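See below for the structure under consideration.
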Amino acid sequence: MSQPLILNFDAEIFSLLAVQKACYRFSDVAAFEVTLERNGKTTSISVTATPLAEKTDESVDDLEHRLRNEVLDHQLREQIRAQTEGVRNLILAHAFSKSGLISGDVPPSSV
Amino acid sequence: MSRFQPITFFDQQSKAGSAQYDLLPFRFTGLGDDCYVATNVAGEYALMTRDVLYRFVNGKLQENDPKYIELRSRHFLSDVHSKMGPDLLAIKVRSQNARLADWTGLHIFVLSLRCEHACPYCQVSRQSEDKAAFDMSREHADKAVVLALRSPNKSIKIEFQGGEPFLNFDLMKHVVLSVEAANSRLSSPKDLAFVAATNLAVVTDEMLDFCAQHEITISTSLDGPHDLHNKNRPRPGNDSYQRAVRGIEKARLRLGRDKVSALMTTTKGSLSRVREIIDEYLALDFQGIFLRPLSPYGFAIKTKFYRAYGVQRWLQFYDEGLDYIIDLNKRGVHFREYYASTILAKMLTSHDPGYVDLMSPAGIGIGAVVYNYDGSVYASDEARMLAEMGDTTFKLGTVNDSFESLFTNETLLEALDESFAYSSPMCHDCAFEPWCGSDPVFHWGQQRDMVGRKPESEFCERNMHIFKGLIRRMEGDPYVRRLFTRWATSC
């Protein structure tokens, strides 16, 4: 079985949620432990990935590379979500207004 | 006032260079080779490289970049020239979800579990003469009819399932006549449609006459060439194929060509024969085929048929079949793959075909409901198959219960709520979520988890592969793009 893989992410740059989501994405090949480590003024997110016993070395070989890219992607997704949250809620509210699906709405057929 | 902007408006646009734009909500997923697919809230997609993706999100995309124009036209950004973007997106989202307000349209009546076939992959059927034990009673059917017509949906489809539903033909006639009579008494009668899922082996002229009279369409099983079909679908006389083909011909003559459709199921024996299976459908003059994997329920699990091949092997089978069908079209043979057509309609239009497995919120209960032979009510066809394995998790109640208590059943509401893909782990961030579904019954059956752990989900693996494959084929060949657009718009 492969040795545990230990990775660190700067908490100033990456959110805990982005790291957690990236780990979940690879939960079929490894078990993850995610902890926050404070060192003076800096905080890092530490990830220990233990490859699952039944997985081959091939499937975990590039785990570090794939996990780092996945964290980057999730961080970008958070950025998009923050920038578009207002308009997303506006679109969904408009889409479902007067559909009768929301309490107090009047369905179009009875207008 | 002119209906068009003056020329200076467009001059400003082309000279502007660096653009001021707002992102509209979108998600992205890797497609491989530094390429990402992004989808907006209405499921429209665009491809971009990692570099373009980062420049776009960080407000660095130039206004005269062709990708900028594409992203604006597909509602990934709004700028001074596209203030209508959010409104148009809202209308598309509204169109795609219009079905939700209609509530349950498909009502499945399991008239009998009895069947003269002994298919080892079958989920539920019994080879038995015991009508009392495995046939639906008239009393239960009458109560199910009342429940079906209680649905707020203006269009009700009654599907007769089995076993072999024509083994309980008297009850089929009774249900059709009862539904028609009760519907005619409604202040606003509903649009009714009937379909019988049958192997056609026991269908008589009298039965087909009744089907013609009441516009009951036929959905039959055809697994491929005669040796494969008969091996998959054993019955006394080993003549399932011959009876199916004869039945298809007779039903077409009596009901009309477009009233008869067929479904195949992939067994281990099918895997190396996808071209022959498609050729069989062509020879019988079908317009397309639905390449289906085995479902992990009932006898398919007991007989180990389900584990006879893995997801990746089935996907090879699917890919070979889809490429063959594309090739046939290039040679002038009009033929389609129905699962791809369903997905393409979601990808390329604002129309959701309402395929139960690809719905979120899940299609259980609100897309389809099953009245089982014994009067129990299940949230989907797969839910009653699971029940035959002893797991009644998705049992909503019985036909003796009220419509309100059945459809506010705690298990149903919990399953719908928890499995909603928009808020499920991994699905929430997935670019394919607008085209995908949640299928809580499948995930419960496989993982004892209604939401499903998606990194280990065969449902996720299968659909992700198909979504990516459809995009690659479209982007790589303008002919395929036109072909897929045609499939999508006529689905």
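Order determines the names: the first chain of the structure tokens is A, the second B, and so forth; residues in each chain are numbered 1 upward, and ligands are numbered 1 upward as they are shown.
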
Just the strand (DSSP E or B) stuff from chain A, please, per backbone DSSP, written as a list in words.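 Selecting the strand (DSSP E or B) positions of chain A gives Leu5, Ile6, Leu7, Asn8, Phe9, Asp10, Ala30, Ala31, Phe32, Glu33, Val34, Thr35, Leu36, Glu37, Arg38, Asn39, Thr42, Thr43, Ser44, Ile45, Ser46, Val47, Thr48, Ala49, Thr50 and Pro51 of chain A.
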
I'd like the neighbourhood of region 5-13 of chain A as JSON, numbers by chain, where a residue qualifies if any of its atoms comes within 10 Å (using only C-alpha atoms), though same-chain residues fewer than 5 positions away should be ignored. {"A": [19, 30, 32, 33, 34, 35, 36, 37, 38, 42, 43, 44, 45, 46, 47, 48, 49, 50, 51, 60, 63, 64, 67, 68, 71, 72, 75]}

Preceding selection exported with C-alpha atoms as a PDB file, in the first residue's frame:
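Generated file (out.pdb):
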```
ATOM      1  CA  VAL A  19      -9.900  22.049   0.076  1.00  0.00           C
ATOM      2  CA  ALA A  30      -8.026   7.815  -0.627  1.00  0.00           C
ATOM      3  CA  PHE A  32      -8.528  12.267   3.883  1.00  0.00           C
ATOM      4  CA  GLU A  33      -7.851  14.091   7.091  1.00  0.00           C
ATOM      5  CA  VAL A  34      -8.075  17.862   6.874  1.00  0.00           C
ATOM      6  CA  THR A  35      -6.772  20.060   9.713  1.00  0.00           C
ATOM      7  CA  LEU A  36      -5.996  23.720  10.265  1.00  0.00           C
ATOM      8  CA  GLU A  37      -2.452  24.398  11.462  1.00  0.00           C
ATOM      9  CA  ARG A  38      -1.588  27.758  13.008  1.00  0.00           C
ATOM     10  CA  THR A  42       0.209  32.146   9.364  1.00  0.00           C
ATOM     11  CA  THR A  43      -2.371  29.409   9.062  1.00  0.00           C
ATOM     12  CA  SER A  44      -2.198  26.491   6.696  1.00  0.00           C
ATOM     13  CA  ILE A  45      -4.644  23.783   5.751  1.00  0.00           C
ATOM     14  CA  SER A  46      -2.999  20.407   6.121  1.00  0.00           C
ATOM     15  CA  VAL A  47      -4.269  17.415   4.175  1.00  0.00           C
ATOM     16  CA  THR A  48      -3.220  13.851   4.890  1.00  0.00           C
ATOM     17  CA  ALA A  49      -4.322  11.470   2.152  1.00  0.00           C
ATOM     18  CA  THR A  50      -4.127   7.746   2.890  1.00  0.00           C
ATOM     19  CA  PRO A  51      -4.681   5.676  -0.252  1.00  0.00           C
ATOM     20  CA  VAL A  60      -2.938   7.260  -6.513  1.00  0.00           C
ATOM     21  CA  LEU A  63      -3.132  12.180  -6.671  1.00  0.00           C
ATOM     22  CA  GLU A  64      -1.038  15.135  -5.497  1.00  0.00           C
ATOM     23  CA  LEU A  67      -5.703  17.284  -5.860  1.00  0.00           C
ATOM     24  CA  ARG A  68      -3.776  20.551  -6.184  1.00  0.00           C
ATOM     25  CA  VAL A  71      -8.339  22.809  -5.078  1.00  0.00           C
ATOM     26  CA  LEU A  72      -7.534  25.572  -7.557  1.00  0.00           C
ATOM     27  CA  GLN A  75     -11.286  28.170  -5.247  1.00  0.00           C
TER      28      GLN A  75
END
```

Minimum-distance residue to Glu78 (chain A), chosen among B:Leu177, B:Val37, B:Ser221, B:Val57 (using only C-alpha atoms): B:Val57

Chain B contacts to chain A at 6 Å (only C-alpha atoms) as a list in words: Leu24, Pro25, Ala90, Ile91, Val93, Arg94, Pro455 and Glu456 of chain B

DSSP alpha helix (DSSP H) selection over region 262-465 of chain B, as a PyMOL selection string: chain B and resi 274-283+299-302+311-330+338-348+381-388+403-407+410-419+440-447+458-465

For region 208-213 of chain B, list every protein, DNA or RNA residue within 12 Å, evaluated using only C-alpha atoms, and leave out those in the same chain fewer than 4 positions away; present the list as a ChimeraX atom specification. /B:160,166,169-170,172-174,176-177,193-196,198,200,202-204,217-218,247-257,259-260

For each of B:Tyr241, B:Tyr373, B:Tyr324, B:Tyr339, take the minimum atom-to-atom distance to Asp357 (chain B), counting only C-alpha atoms, then give the residue where this is smallest.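 Checking each candidate against Asp357 (chain B), we get B:Tyr339 as the closest.
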